[in-house]
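Shown here: data_14.cif, mmCIF, C-alpha atoms.
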```cif
data_coords
loop_
_atom_site.group_PDB
_atom_site.id
_atom_site.type_symbol
_atom_site.label_atom_id
_atom_site.label_comp_id
_atom_site.auth_asym_id
_atom_site.auth_seq_id
_atom_site.Cartn_x
_atom_site.Cartn_y
_atom_site.Cartn_z
ATOM 1 C CA MET O 18 -31.229 -11.775 4.768
ATOM 2 C CA ILE O 19 -29.556 -11.013 1.437
ATOM 3 C CA LYS O 20 -28.439 -14.089 -0.463
ATOM 4 C CA VAL O 21 -25.284 -13.001 -2.237
ATOM 5 C CA GLY O 22 -23.350 -16.247 -2.861
ATOM 6 C CA SER O 23 -22.584 -16.316 -6.553
ATOM 7 C CA LEU O 24 -23.317 -12.599 -6.908
ATOM 8 C CA THR O 25 -20.520 -11.771 -4.483
ATOM 9 C CA THR O 26 -18.152 -13.963 -6.462
ATOM 10 C CA VAL O 27 -19.124 -12.303 -9.728
ATOM 11 C CA LEU O 28 -18.707 -8.833 -8.284
ATOM 12 C CA ILE O 29 -15.358 -9.681 -6.727
ATOM 13 C CA LEU O 30 -14.194 -11.003 -10.087
ATOM 14 C CA SER O 31 -15.394 -7.817 -11.746
ATOM 15 C CA PHE O 32 -13.574 -5.801 -9.101
ATOM 16 C CA LEU O 33 -10.359 -7.681 -9.703
ATOM 17 C CA VAL O 34 -10.550 -7.377 -13.476
ATOM 18 C CA PHE O 35 -10.631 -3.607 -13.202
ATOM 19 C CA SER O 36 -8.284 -3.308 -10.231
ATOM 20 C CA LEU O 37 -5.229 -5.467 -10.795
ATOM 21 C CA PRO O 38 -3.123 -4.155 -13.673
ATOM 22 C CA LEU O 39 0.486 -5.224 -13.573
ATOM 23 C CA THR O 40 1.626 -1.611 -13.372
ATOM 24 C CA PHE O 41 0.540 -1.300 -9.743
ATOM 25 C CA ALA O 42 3.992 -1.555 -8.172
ATOM 26 C CA ASP O 43 5.385 1.233 -10.336
ATOM 27 C CA LYS O 44 2.621 3.609 -9.311
ATOM 28 C CA ALA O 45 2.995 3.389 -5.530
ATOM 29 C CA LYS O 46 4.121 6.507 -3.701
ATOM 30 C CA THR O 47 4.636 7.557 -0.097
ATOM 31 C CA ILE O 48 2.937 10.707 1.180
ATOM 32 C CA LYS O 49 3.728 12.463 4.444
ATOM 33 C CA VAL O 50 0.261 13.199 5.788
ATOM 34 C CA LEU O 51 1.196 14.704 9.147
ATOM 35 C CA LYS O 52 4.246 14.638 11.380
ATOM 36 C CA ASN O 53 5.117 10.938 11.854
ATOM 37 C CA VAL O 54 2.132 9.787 9.747
ATOM 38 C CA TYR O 55 2.735 8.441 6.235
ATOM 39 C CA THR O 56 0.406 6.870 3.693
ATOM 40 C CA ILE O 57 1.480 4.713 0.754
ATOM 41 C CA THR O 58 -0.960 5.013 -2.102
ATOM 42 C CA SER O 59 -1.022 4.922 -5.895
ATOM 43 C CA GLY O 60 -2.861 6.567 -8.734
ATOM 44 C CA ASP O 61 -3.792 3.541 -10.853
ATOM 45 C CA GLY O 62 -4.514 -0.130 -10.375
ATOM 46 C CA ILE O 63 -4.939 -1.448 -6.852
ATOM 47 C CA ASP O 64 -4.740 1.788 -4.966
ATOM 48 C CA SER O 65 -5.518 0.498 -1.481
ATOM 49 C CA ASN O 66 -3.829 2.760 1.033
ATOM 50 C CA THR O 67 -1.347 1.623 3.664
ATOM 51 C CA THR O 68 -0.597 3.993 6.524
ATOM 52 C CA PHE O 69 2.216 3.813 9.047
ATOM 53 C CA ILE O 70 2.725 5.888 12.173
ATOM 54 C CA ILE O 71 6.166 6.328 13.717
ATOM 55 C CA THR O 72 6.050 6.826 17.476
ATOM 56 C CA LYS O 73 8.804 7.153 20.086
ATOM 57 C CA GLU O 74 8.390 3.476 20.969
ATOM 58 C CA GLY O 75 7.828 1.849 17.593
ATOM 59 C CA VAL O 76 5.743 1.760 14.446
ATOM 60 C CA ILE O 77 2.077 1.052 13.772
ATOM 61 C CA VAL O 78 1.146 -0.271 10.309
ATOM 62 C CA ILE O 79 -2.430 -0.025 9.061
ATOM 63 C CA ASP O 80 -3.306 -2.375 6.170
ATOM 64 C CA THR O 81 -0.638 -4.409 4.429
ATOM 65 C CA ARG O 82 -1.170 -4.260 0.636
ATOM 66 C CA PRO O 83 -2.155 -7.107 -1.734
ATOM 67 C CA THR O 84 1.042 -9.201 -1.745
ATOM 68 C CA PRO O 85 4.063 -9.859 0.449
ATOM 69 C CA ALA O 86 6.229 -8.192 -2.213
ATOM 70 C CA GLU O 87 4.225 -4.985 -1.861
ATOM 71 C CA ALA O 88 4.278 -5.319 1.935
ATOM 72 C CA ARG O 89 8.068 -5.545 1.863
ATOM 73 C CA LYS O 90 8.096 -2.246 -0.022
ATOM 74 C CA VAL O 91 6.113 -0.765 2.849
ATOM 75 C CA LEU O 92 8.691 -2.107 5.261
ATOM 76 C CA ALA O 93 11.472 -0.628 3.119
ATOM 77 C CA GLU O 94 9.787 2.776 3.226
ATOM 78 C CA ILE O 95 9.548 2.528 7.010
ATOM 79 C CA ARG O 96 13.221 1.606 7.289
ATOM 80 C CA LYS O 97 14.190 4.732 5.345
ATOM 81 C CA LEU O 98 12.789 6.710 8.263
ATOM 82 C CA THR O 99 13.309 4.637 11.405
ATOM 83 C CA ALA O 100 14.920 1.479 12.771
ATOM 84 C CA LEU O 101 12.291 1.168 15.489
ATOM 85 C CA PRO O 102 10.349 -2.115 15.548
ATOM 86 C CA ILE O 103 6.923 -2.709 14.067
ATOM 87 C CA VAL O 104 4.825 -3.058 17.205
ATOM 88 C CA TYR O 105 1.251 -3.186 15.908
ATOM 89 C CA THR O 106 -0.268 -4.111 12.555
ATOM 90 C CA ILE O 107 -3.964 -3.371 12.013
ATOM 91 C CA ASN O 108 -6.320 -4.602 9.279
ATOM 92 C CA THR O 109 -9.279 -2.308 8.646
ATOM 93 C CA HIS O 110 -11.224 -5.192 6.997
ATOM 94 C CA TYR O 111 -10.632 -8.586 5.391
ATOM 95 C CA HIS O 112 -10.245 -7.784 1.671
ATOM 96 C CA GLY O 113 -7.031 -9.097 0.180
ATOM 97 C CA ASP O 114 -5.744 -5.745 -1.005
ATOM 98 C CA HIS O 115 -5.601 -4.800 2.698
ATOM 99 C CA THR O 116 -4.536 -8.126 4.270
ATOM 100 C CA PHE O 117 -2.525 -10.286 1.884
ATOM 101 C CA GLY O 118 0.715 -8.644 2.995
ATOM 102 C CA ASN O 119 0.112 -9.626 6.644
ATOM 103 C CA GLN O 120 2.743 -12.370 6.672
ATOM 104 C CA VAL O 121 5.517 -9.795 6.257
ATOM 105 C CA PHE O 122 4.492 -8.194 9.553
ATOM 106 C CA LYS O 123 3.741 -11.295 11.617
ATOM 107 C CA ASN O 124 7.076 -11.006 13.420
ATOM 108 C CA SER O 125 5.594 -8.041 15.247
ATOM 109 C CA LYS O 126 3.485 -10.724 16.992
ATOM 110 C CA THR O 127 0.472 -8.445 16.907
ATOM 111 C CA ILE O 128 -1.998 -8.226 14.027
ATOM 112 C CA ILE O 129 -5.243 -6.611 15.137
ATOM 113 C CA ALA O 130 -8.686 -6.503 13.522
ATOM 114 C CA HIS O 131 -12.370 -6.893 14.238
ATOM 115 C CA LYS O 132 -13.334 -10.477 15.064
ATOM 116 C CA ASN O 133 -15.234 -10.818 11.777
ATOM 117 C CA VAL O 134 -12.022 -10.202 9.834
ATOM 118 C CA ARG O 135 -10.342 -13.181 11.471
ATOM 119 C CA ASN O 136 -13.424 -15.334 10.931
ATOM 120 C CA LYS O 137 -13.660 -14.383 7.272
ATOM 121 C CA LEU O 138 -9.983 -15.028 6.527
ATOM 122 C CA ILE O 139 -10.105 -18.395 8.268
ATOM 123 C CA GLU O 140 -13.385 -19.501 6.693
ATOM 124 C CA SER O 141 -12.988 -18.186 3.146
ATOM 125 C CA GLY O 142 -9.527 -16.660 2.870
ATOM 126 C CA GLN O 143 -8.259 -19.354 0.480
ATOM 127 C CA LYS O 144 -11.216 -18.862 -1.835
ATOM 128 C CA HIS O 145 -10.639 -15.126 -1.758
ATOM 129 C CA LEU O 146 -6.954 -15.666 -2.532
ATOM 130 C CA SER O 147 -7.766 -17.986 -5.437
ATOM 131 C CA LEU O 148 -9.631 -15.135 -7.101
ATOM 132 C CA PHE O 149 -6.595 -12.878 -6.810
ATOM 133 C CA LYS O 150 -4.385 -15.586 -8.274
ATOM 134 C CA THR O 151 -6.580 -15.763 -11.365
ATOM 135 C CA PHE O 152 -5.211 -12.442 -12.585
ATOM 136 C CA GLY O 153 -1.507 -13.119 -12.279
ATOM 137 C CA LEU O 154 -0.603 -10.305 -9.911
ATOM 138 C CA PRO O 155 3.199 -10.480 -9.438
ATOM 139 C CA GLY O 156 4.010 -12.156 -6.124
ATOM 140 C CA ILE O 157 0.475 -13.367 -5.440
ATOM 141 C CA ASP O 158 1.603 -17.025 -5.315
ATOM 142 C CA GLU O 159 3.717 -16.147 -2.281
ATOM 143 C CA VAL O 160 0.702 -15.172 -0.177
ATOM 144 C CA GLU O 161 0.034 -17.198 2.959
ATOM 145 C CA ILE O 162 -3.279 -16.286 4.560
ATOM 146 C CA THR O 163 -2.309 -14.688 7.868
ATOM 147 C CA PRO O 164 -5.348 -13.840 10.016
ATOM 148 C CA PRO O 165 -5.168 -11.325 12.856
ATOM 149 C CA ASN O 166 -4.194 -12.831 16.193
ATOM 150 C CA ILE O 167 -5.751 -10.138 18.369
ATOM 151 C CA ILE O 168 -9.420 -9.321 17.840
ATOM 152 C CA TYR O 169 -12.019 -7.027 19.365
ATOM 153 C CA GLU O 170 -15.798 -6.696 19.117
ATOM 154 C CA LYS O 171 -16.863 -3.090 19.777
ATOM 155 C CA GLU O 172 -13.820 -0.959 20.467
ATOM 156 C CA MET O 173 -10.295 -1.016 21.810
ATOM 157 C CA GLU O 174 -7.530 1.464 22.467
ATOM 158 C CA ILE O 175 -3.858 1.231 21.585
ATOM 159 C CA TRP O 176 -1.255 3.383 23.283
ATOM 160 C CA LEU O 177 2.187 3.533 21.752
ATOM 161 C CA GLY O 178 4.664 6.284 22.467
ATOM 162 C CA GLU O 179 2.911 9.626 22.258
ATOM 163 C CA TYR O 180 -0.143 8.382 20.356
ATOM 164 C CA ARG O 181 -3.461 6.851 21.316
ATOM 165 C CA LEU O 182 -5.407 5.050 18.599
ATOM 166 C CA GLN O 183 -9.074 4.279 19.129
ATOM 167 C CA LEU O 184 -10.290 1.270 17.128
ATOM 168 C CA LEU O 185 -14.031 1.571 16.664
ATOM 169 C CA TYR O 186 -16.605 -0.791 15.192
ATOM 170 C CA HIS O 187 -19.926 0.834 14.383
ATOM 171 C CA GLY O 188 -21.459 -2.193 12.669
ATOM 172 C CA LYS O 189 -21.716 -3.532 9.144
ATOM 173 C CA GLY O 190 -20.871 -1.245 6.262
ATOM 174 C CA HIS O 191 -18.392 -1.859 3.466
ATOM 175 C CA THR O 192 -18.053 -5.340 5.002
ATOM 176 C CA ASP O 193 -19.216 -6.872 8.281
ATOM 177 C CA GLY O 194 -15.890 -6.118 9.985
ATOM 178 C CA ASP O 195 -14.846 -2.527 9.271
ATOM 179 C CA THR O 196 -12.542 -0.813 11.755
ATOM 180 C CA ILE O 197 -12.532 2.967 12.102
ATOM 181 C CA ILE O 198 -9.258 4.275 13.546
ATOM 182 C CA TYR O 199 -9.397 7.633 15.285
ATOM 183 C CA ILE O 200 -6.343 9.524 16.546
ATOM 184 C CA ASP O 201 -7.748 12.334 18.637
ATOM 185 C CA GLN O 202 -4.576 14.355 19.204
ATOM 186 C CA LEU O 203 -4.053 14.483 15.438
ATOM 187 C CA ARG O 204 -7.757 14.959 14.650
ATOM 188 C CA THR O 205 -7.293 12.222 12.096
ATOM 189 C CA VAL O 206 -9.486 9.301 11.114
ATOM 190 C CA ILE O 207 -8.327 6.293 9.103
ATOM 191 C CA THR O 208 -11.454 4.819 7.582
ATOM 192 C CA GLY O 209 -10.439 1.784 5.571
ATOM 193 C CA ASP O 210 -12.874 1.217 2.723
ATOM 194 C CA LEU O 211 -15.757 2.915 4.466
ATOM 195 C CA VAL O 212 -14.468 5.890 2.477
ATOM 196 C CA PHE O 213 -13.397 5.910 -1.172
ATOM 197 C CA ASN O 214 -12.185 9.395 -2.092
ATOM 198 C CA LYS O 215 -13.468 10.543 -5.500
ATOM 199 C CA LYS O 216 -13.998 6.920 -6.512
ATOM 200 C CA ILE O 217 -17.115 4.822 -6.931
ATOM 201 C CA PRO O 218 -16.959 2.301 -4.066
ATOM 202 C CA TYR O 219 -16.754 -1.469 -4.203
ATOM 203 C CA THR O 220 -19.977 -2.892 -2.730
ATOM 204 C CA ALA O 221 -19.985 -6.673 -3.204
ATOM 205 C CA ASP O 222 -19.893 -7.263 0.575
ATOM 206 C CA ALA O 223 -21.723 -4.083 1.504
ATOM 207 C CA TYR O 224 -24.721 -3.221 3.654
ATOM 208 C CA ILE O 225 -25.816 0.154 2.311
ATOM 209 C CA ASP O 226 -27.980 1.357 5.202
ATOM 210 C CA ASP O 227 -25.388 0.352 7.791
ATOM 211 C CA TRP O 228 -22.626 1.941 5.711
ATOM 212 C CA ILE O 229 -24.489 5.254 5.717
ATOM 213 C CA ASP O 230 -24.896 4.997 9.493
ATOM 214 C CA SER O 231 -21.164 4.348 9.913
ATOM 215 C CA LEU O 232 -20.336 7.449 7.885
ATOM 216 C CA LYS O 233 -22.709 9.523 10.022
ATOM 217 C CA TYR O 234 -20.866 8.203 13.056
ATOM 218 C CA ILE O 235 -17.486 9.147 11.592
ATOM 219 C CA GLU O 236 -18.825 12.652 10.979
ATOM 220 C CA LEU O 237 -19.351 12.994 14.740
ATOM 221 C CA LEU O 238 -15.662 12.423 15.425
ATOM 222 C CA LYS O 239 -13.593 15.598 15.653
ATOM 223 C CA ASN O 240 -11.524 14.889 12.586
ATOM 224 C CA GLU O 241 -9.887 17.264 10.157
ATOM 225 C CA THR O 242 -7.784 14.773 8.193
ATOM 226 C CA VAL O 243 -9.306 11.689 6.576
ATOM 227 C CA ILE O 244 -7.163 8.827 5.288
ATOM 228 C CA PRO O 245 -9.465 6.724 3.083
ATOM 229 C CA GLY O 246 -9.092 3.114 2.037
ATOM 230 C CA HIS O 247 -8.749 4.217 -1.588
ATOM 231 C CA GLY O 248 -7.898 7.539 -3.143
ATOM 232 C CA PRO O 249 -6.048 10.645 -1.989
ATOM 233 C CA ILE O 250 -5.918 12.015 1.540
ATOM 234 C CA GLY O 251 -9.073 13.975 2.327
ATOM 235 C CA GLU O 252 -10.849 16.063 4.921
ATOM 236 C CA ARG O 253 -14.264 16.161 6.576
ATOM 237 C CA THR O 254 -15.985 16.880 3.280
ATOM 238 C CA THR O 255 -14.604 13.594 1.935
ATOM 239 C CA ILE O 256 -16.760 11.697 4.421
ATOM 240 C CA ILE O 257 -19.789 13.773 3.519
ATOM 241 C CA SER O 258 -19.267 13.127 -0.199
ATOM 242 C CA MET O 259 -19.091 9.375 0.376
ATOM 243 C CA LYS O 260 -22.239 9.501 2.494
ATOM 244 C CA HIS O 261 -24.117 11.530 -0.093
ATOM 245 C CA TYR O 262 -23.184 9.090 -2.858
ATOM 246 C CA LEU O 263 -24.625 6.173 -0.894
ATOM 247 C CA MET O 264 -27.707 8.176 0.033
ATOM 248 C CA ASN O 265 -28.243 9.100 -3.617
ATOM 249 C CA LEU O 266 -27.853 5.435 -4.566
ATOM 250 C CA LYS O 267 -30.359 4.392 -1.903
ATOM 251 C CA GLU O 268 -32.956 7.036 -2.774
ATOM 252 C CA LEU O 269 -32.829 6.336 -6.495
ATOM 253 C CA VAL O 270 -33.083 2.578 -6.072
ATOM 254 C CA LEU O 271 -35.941 2.870 -3.557
ATOM 255 C CA ALA O 272 -37.839 5.073 -6.005
ATOM 256 C CA GLN O 273 -37.616 2.380 -8.668
ATOM 257 C CA LEU O 274 -38.633 -0.363 -6.250
ATOM 258 C CA LYS O 275 -41.667 1.712 -5.318
ATOM 259 C CA ASP O 276 -42.593 1.672 -9.004
ATOM 260 C CA LYS O 277 -42.069 -2.116 -9.155
ATOM 261 C CA LYS O 278 -39.081 -1.853 -11.479
ATOM 262 C CA THR O 279 -36.932 -4.927 -12.106
ATOM 263 C CA LEU O 280 -33.219 -4.884 -11.403
ATOM 264 C CA LYS O 281 -32.422 -4.371 -15.087
ATOM 265 C CA GLU O 282 -34.940 -1.531 -15.374
ATOM 266 C CA THR O 283 -33.567 0.032 -12.216
ATOM 267 C CA GLN O 284 -30.021 -0.092 -13.574
ATOM 268 C CA GLU O 285 -31.096 1.438 -16.875
ATOM 269 C CA ILE O 286 -32.777 4.347 -15.077
ATOM 270 C CA VAL O 287 -30.381 4.965 -12.189
ATOM 271 C CA GLU O 288 -26.969 4.404 -13.767
ATOM 272 C CA PRO O 289 -27.106 7.402 -16.165
ATOM 273 C CA ILE O 290 -28.181 9.673 -13.303
ATOM 274 C CA LEU O 291 -25.295 8.640 -11.068
ATOM 275 C CA ARG O 292 -22.795 8.692 -13.936
ATOM 276 C CA LYS O 293 -23.728 12.286 -14.694
ATOM 277 C CA LYS O 294 -23.671 13.437 -11.078
ATOM 278 C CA TYR O 295 -20.358 11.720 -10.268
ATOM 279 C CA LYS O 296 -18.688 12.095 -13.651
ATOM 280 C CA ASP O 297 -15.466 13.376 -12.072
ATOM 281 C CA TRP O 298 -15.094 10.252 -9.914
ATOM 282 C CA GLU O 299 -13.070 7.225 -10.962
ATOM 283 C CA ASP O 300 -14.391 3.689 -11.546
ATOM 284 C CA LEU O 301 -17.775 4.705 -12.959
ATOM 285 C CA ASP O 302 -18.200 1.182 -14.328
ATOM 286 C CA TRP O 303 -18.824 -0.007 -10.766
ATOM 287 C CA ILE O 304 -22.078 1.950 -10.567
ATOM 288 C CA LYS O 305 -24.095 -0.859 -12.144
ATOM 289 C CA ASP O 306 -22.853 -3.310 -9.496
ATOM 290 C CA ASN O 307 -23.592 -0.760 -6.771
ATOM 291 C CA ILE O 308 -27.170 -0.512 -8.007
ATOM 292 C CA GLU O 309 -27.488 -4.297 -7.977
ATOM 293 C CA ARG O 310 -26.254 -4.512 -4.416
ATOM 294 C CA ALA O 311 -28.652 -1.782 -3.268
ATOM 295 C CA TRP O 312 -31.565 -3.291 -5.206
ATOM 296 C CA LEU O 313 -31.009 -6.676 -3.561
ATOM 297 C CA GLU O 314 -30.728 -5.142 -0.108
ATOM 298 C CA TYR O 315 -33.844 -3.000 -0.288
ATOM 299 C CA SER O 316 -36.009 -5.478 -2.203
ATOM 300 C CA SER O 317 -35.137 -8.039 0.466
ATOM 301 C CA LYS O 318 -36.171 -5.630 3.230
ATOM 302 C CA GLN O 319 -39.486 -4.945 1.506
ATOM 303 C CA LYS O 320 -40.296 -8.652 1.637
ATOM 304 C CA THR O 321 -39.707 -8.961 5.379
#
```
Write-out of the structure in structure tokens:
Amino acid sequence: MIKVGSLTTVLILSFLVFSLPLTFADKAKTIKVLKNVYTITSGDGIDSNTTFIITKEGVIVIDTRPTPAEARKVLAEIRKLTALPIVYTINTHYHGDHTFGNQVFKNSKTIIAHKNVRNKLIESGQKHLSLFKTFGLPGIDEVEITPPNIIYEKEMEIWLGEYRLQLLYHGKGHTDGDTIIYIDQLRTVITGDLVFNKKIPYTADAYIDDWIDSLKYIELLKNETVIPGHGPIGERTTIISMKHYLMNLKELVLAQLKDKKTLKETQEIVEPILRKKYKDWEDLDWIKDNIERAWLEYSSKQKT
């Protein structure tokens, strides 16, 4: 068992420092990914992606942005295109930049996520919110923690209009409650934060080995379009790139553990290697935290 406690708090704080500039709202943009599928993303700041799907019978919203104000902008974008009701809202995991807009969509009566997302928001949602409030994000004081009210454990299917969405849980990864959403007729997968496209991932709640396994599982799905949790819309190679980054991280850290290197020594050796290899990715400053997370995970496994 990895004891993360204060480490998780420190890493979340670090994440927020780098991820919450006040310019976020001005950077948001809506991209038409496929017919009836739209993703709201941004180039700087909190760039967590929100996707909505317009069907003949209503709208499905996937992830709700970091504040109710930002969630209302999602709703406004939807209303530019359709007056149909929001039928389903889905959270891919518990992190606030994907769930703190939930209250805007609670009138749909249906907010869906893995059971661990509900548990996490109920048990530690206020603590998580207090961290976001520290950085003065506009509208953050309006947030009311709104957990999902429909949960699943392994998988579930949603049918709405002409679309079937498969909600799949392959185990721990970016968090302990990541949902993979697969739309077979569109050959599209919505990954949440299991995939960061051209960005160093956030790993404070991560399980590196399980994350790699989840990405291998996603590769088996017949997908052509990949909508990541962060970064631009991608394709199959986007999943492979994310997997290879984590595998590189694992292999490099394991090599240092084999040589009995301390965490600090491991960071000093591994960080320059990863910085050079992934120099065209964003958020390179997160590499040191990624190494720490991997070092803790694999040193813990060596002791068991």
If the PyMOL selection byres ((chain O and resi 200-213) around 9) were run on this exact file, what residues would it hold? Put them as a JSON list (two decimals) with C-alpha atoms, in the frame of the given file.
```json
[["chain", "number", "residue", "atom", "x", "y", "z"],
["O", 51, "LEU", "CA", 1.20, 14.70, 9.15],
["O", 65, "SER", "CA", -5.52, 0.50, -1.48],
["O", 66, "ASN", "CA", -3.83, 2.76, 1.03],
["O", 68, "THR", "CA", -0.60, 3.99, 6.52],
["O", 79, "ILE", "CA", -2.43, -0.02, 9.06],
["O", 80, "ASP", "CA", -3.31, -2.38, 6.17],
["O", 108, "ASN", "CA", -6.32, -4.60, 9.28],
["O", 109, "THR", "CA", -9.28, -2.31, 8.65],
["O", 110, "HIS", "CA", -11.22, -5.19, 7.00],
["O", 115, "HIS", "CA", -5.60, -4.80, 2.70],
["O", 180, "TYR", "CA", -0.14, 8.38, 20.36],
["O", 181, "ARG", "CA", -3.46, 6.85, 21.32],
["O", 182, "LEU", "CA", -5.41, 5.05, 18.60],
["O", 183, "GLN", "CA", -9.07, 4.28, 19.13],
["O", 190, "GLY", "CA", -20.87, -1.25, 6.26],
["O", 191, "HIS", "CA", -18.39, -1.86, 3.47],
["O", 192, "THR", "CA", -18.05, -5.34, 5.00],
["O", 195, "ASP", "CA", -14.85, -2.53, 9.27],
["O", 196, "THR", "CA", -12.54, -0.81, 11.76],
["O", 197, "ILE", "CA", -12.53, 2.97, 12.10],
["O", 198, "ILE", "CA", -9.26, 4.28, 13.55],
["O", 199, "TYR", "CA", -9.40, 7.63, 15.28],
["O", 214, "ASN", "CA", -12.18, 9.40, -2.09],
["O", 215, "LYS", "CA", -13.47, 10.54, -5.50],
["O", 216, "LYS", "CA", -14.00, 6.92, -6.51],
["O", 217, "ILE", "CA", -17.11, 4.82, -6.93],
["O", 218, "PRO", "CA", -16.96, 2.30, -4.07],
["O", 219, "TYR", "CA", -16.75, -1.47, -4.20],
["O", 228, "TRP", "CA", -22.63, 1.94, 5.71],
["O", 231, "SER", "CA", -21.16, 4.35, 9.91],
["O", 232, "LEU", "CA", -20.34, 7.45, 7.88],
["O", 235, "ILE", "CA", -17.49, 9.15, 11.59],
["O", 238, "LEU", "CA", -15.66, 12.42, 15.42],
["O", 239, "LYS", "CA", -13.59, 15.60, 15.65],
["O", 240, "ASN", "CA", -11.52, 14.89, 12.59],
["O", 241, "GLU", "CA", -9.89, 17.26, 10.16],
["O", 242, "THR", "CA", -7.78, 14.77, 8.19],
["O", 243, "VAL", "CA", -9.31, 11.69, 6.58],
["O", 244, "ILE", "CA", -7.16, 8.83, 5.29],
["O", 245, "PRO", "CA", -9.46, 6.72, 3.08],
["O", 246, "GLY", "CA", -9.09, 3.11, 2.04],
["O", 247, "HIS", "CA", -8.75, 4.22, -1.59],
["O", 248, "GLY", "CA", -7.90, 7.54, -3.14],
["O", 249, "PRO", "CA", -6.05, 10.64, -1.99],
["O", 252, "GLU", "CA", -10.85, 16.06, 4.92],
["O", 255, "THR", "CA", -14.60, 13.59, 1.94],
["O", 256, "ILE", "CA", -16.76, 11.70, 4.42],
["O", 259, "MET", "CA", -19.09, 9.38, 0.38],
["O", 260, "LYS", "CA", -22.24, 9.50, 2.49]]
```
- [ ] Fewer than 5 positions away in the same chain doesn't count, so skip those; otherwise give me all residues within 8 Å of stretch 73-76 of chain O, counting all atoms listed in the file, as a PyMOL selection string.
- [x] chain O and resi 101-105+177-179
Considering all atoms listed in the file, tabulate each residue of stretch 39-116 of chain O that lies at most 8 Å from stretch 160-173 of chain O along with its nearest interatomic pair and the corresponding distance in Å to one decimal; arrange the rows by chain and ascending residue number and present them as a tab-separated table.
```
residue	atom	partner	partner_atom	distance
O:Thr84	CA	O:Val160	CA	6.2
O:Pro85	CA	O:Val160	CA	6.3
O:Asn108	CA	O:Pro165	CA	7.7
O:Thr116	CA	O:Thr163	CA	7.8
```
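Nearest residue to O:Leu138, choosing from O:Ile175, O:Gly194, O:Gly153, O:Trp312 and counting all atoms listed in the file: O:Gly194.
Comparing O:Asn119, O:Val287, O:Ile128, O:Ile250 by their smallest distance to O:Thr58, the closest is O:Ile250 (using all atoms listed in the file).
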- [ ] Determine, counting all atoms listed in the file, which protein, DNA and RNA residues have an atom within 8 Å of an atom of O:Ile70; residues of the same chain fewer than 2 positions away are not included. Present the result as number ranges by chain.
- [x] O: 53-55, 68, 72, 76-78
Would you mind exporting the chosen residues as a tab-separated table (two decimals), keeping the file's coordinate frame, restricted to C-alpha atoms?
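Writing done, so here's result-v1.tsv:
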```tsv
chain	number	residue	atom	x	y	z
O	53	ASN	CA	5.12	10.94	11.85
O	54	VAL	CA	2.13	9.79	9.75
O	55	TYR	CA	2.74	8.44	6.24
O	68	THR	CA	-0.60	3.99	6.52
O	72	THR	CA	6.05	6.83	17.48
O	76	VAL	CA	5.74	1.76	14.45
O	77	ILE	CA	2.08	1.05	13.77
O	78	VAL	CA	1.15	-0.27	10.31
```
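Between O:Ser316 and the residues O:Arg292, O:Arg253, O:Lys97, O:Lys267, the shortest atom-to-atom distance, using only C-alpha atoms, involves O:Lys267.
For the choices O:Asn133, O:Asn265, O:Thr279, O:Thr220, the atom-to-atom distance to O:Asp193 is smallest for O:Asn133 when using all atoms listed in the file.
Counting all atoms listed in the file, the residue from O:Trp303, O:Leu185, O:Ser317, O:Thr81 that sits nearest to O:Phe122 is O:Thr81.
The shortest atom-to-atom distance to O:Lys126, with only C-alpha atoms taken into account, belongs to O:Thr106 out of O:Thr106, O:Asp276, O:Glu140, O:His145.
Atom CA of O:Tyr315 lies 17.9 Å from atom CA of O:Gly188.
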Task: atom CA of O:Arg310 to atom CA of O:Asp227, straight-line distance in Å - done: 13.2 Å
- [ ] In Å, rounded to a single decimal, give me how far atom CA of O:Pro83 is from atom CA of O:Ile157.
- [x] 7.7 Å
Open item on the list: For this structure, which residues satisfy the selection - the PyMOL selection byres ((chain O and resi 266) around 8) - when it is evaluated on the file as given? I want them as a PyMOL selection string.
Closed with: chain O and resi 262-265+267-270+291+307-308+311
Because some atoms of stretch 290-297 of chain O are absent here, can you restore N, CA and C atoms and send them as a PDB file, keeping the file's coordinate frame?
```
ATOM      1  N   ILE O 290     -28.060   8.563 -14.255  1.00  0.00           N
ATOM      2  CA  ILE O 290     -28.181   9.673 -13.303  1.00  0.00           C
ATOM      3  C   ILE O 290     -26.924   9.770 -12.448  1.00  0.00           C
ATOM      4  N   LEU O 291     -26.482   8.633 -11.917  1.00  0.00           N
ATOM      5  CA  LEU O 291     -25.295   8.640 -11.068  1.00  0.00           C
ATOM      6  C   LEU O 291     -24.032   8.927 -11.873  1.00  0.00           C
ATOM      7  N   ARG O 292     -23.957   8.408 -13.083  1.00  0.00           N
ATOM      8  CA  ARG O 292     -22.795   8.692 -13.936  1.00  0.00           C
ATOM      9  C   ARG O 292     -22.656  10.196 -14.196  1.00  0.00           C
ATOM     10  N   LYS O 293     -23.771  10.842 -14.428  1.00  0.00           N
ATOM     11  CA  LYS O 293     -23.728  12.286 -14.694  1.00  0.00           C
ATOM     12  C   LYS O 293     -23.338  13.056 -13.446  1.00  0.00           C
ATOM     13  N   LYS O 294     -23.926  12.698 -12.311  1.00  0.00           N
ATOM     14  CA  LYS O 294     -23.671  13.437 -11.078  1.00  0.00           C
ATOM     15  C   LYS O 294     -22.250  13.243 -10.575  1.00  0.00           C
ATOM     16  N   TYR O 295     -21.692  12.035 -10.792  1.00  0.00           N
ATOM     17  CA  TYR O 295     -20.358  11.720 -10.268  1.00  0.00           C
ATOM     18  C   TYR O 295     -19.354  11.519 -11.400  1.00  0.00           C
ATOM     19  N   LYS O 296     -19.514  12.273 -12.460  1.00  0.00           N
ATOM     20  CA  LYS O 296     -18.688  12.095 -13.651  1.00  0.00           C
ATOM     21  C   LYS O 296     -17.206  12.350 -13.407  1.00  0.00           C
ATOM     22  N   ASP O 297     -16.875  13.101 -12.351  1.00  0.00           N
ATOM     23  CA  ASP O 297     -15.466  13.376 -12.072  1.00  0.00           C
ATOM     24  C   ASP O 297     -14.860  12.360 -11.113  1.00  0.00           C
TER      25      ASP O 297
END
```
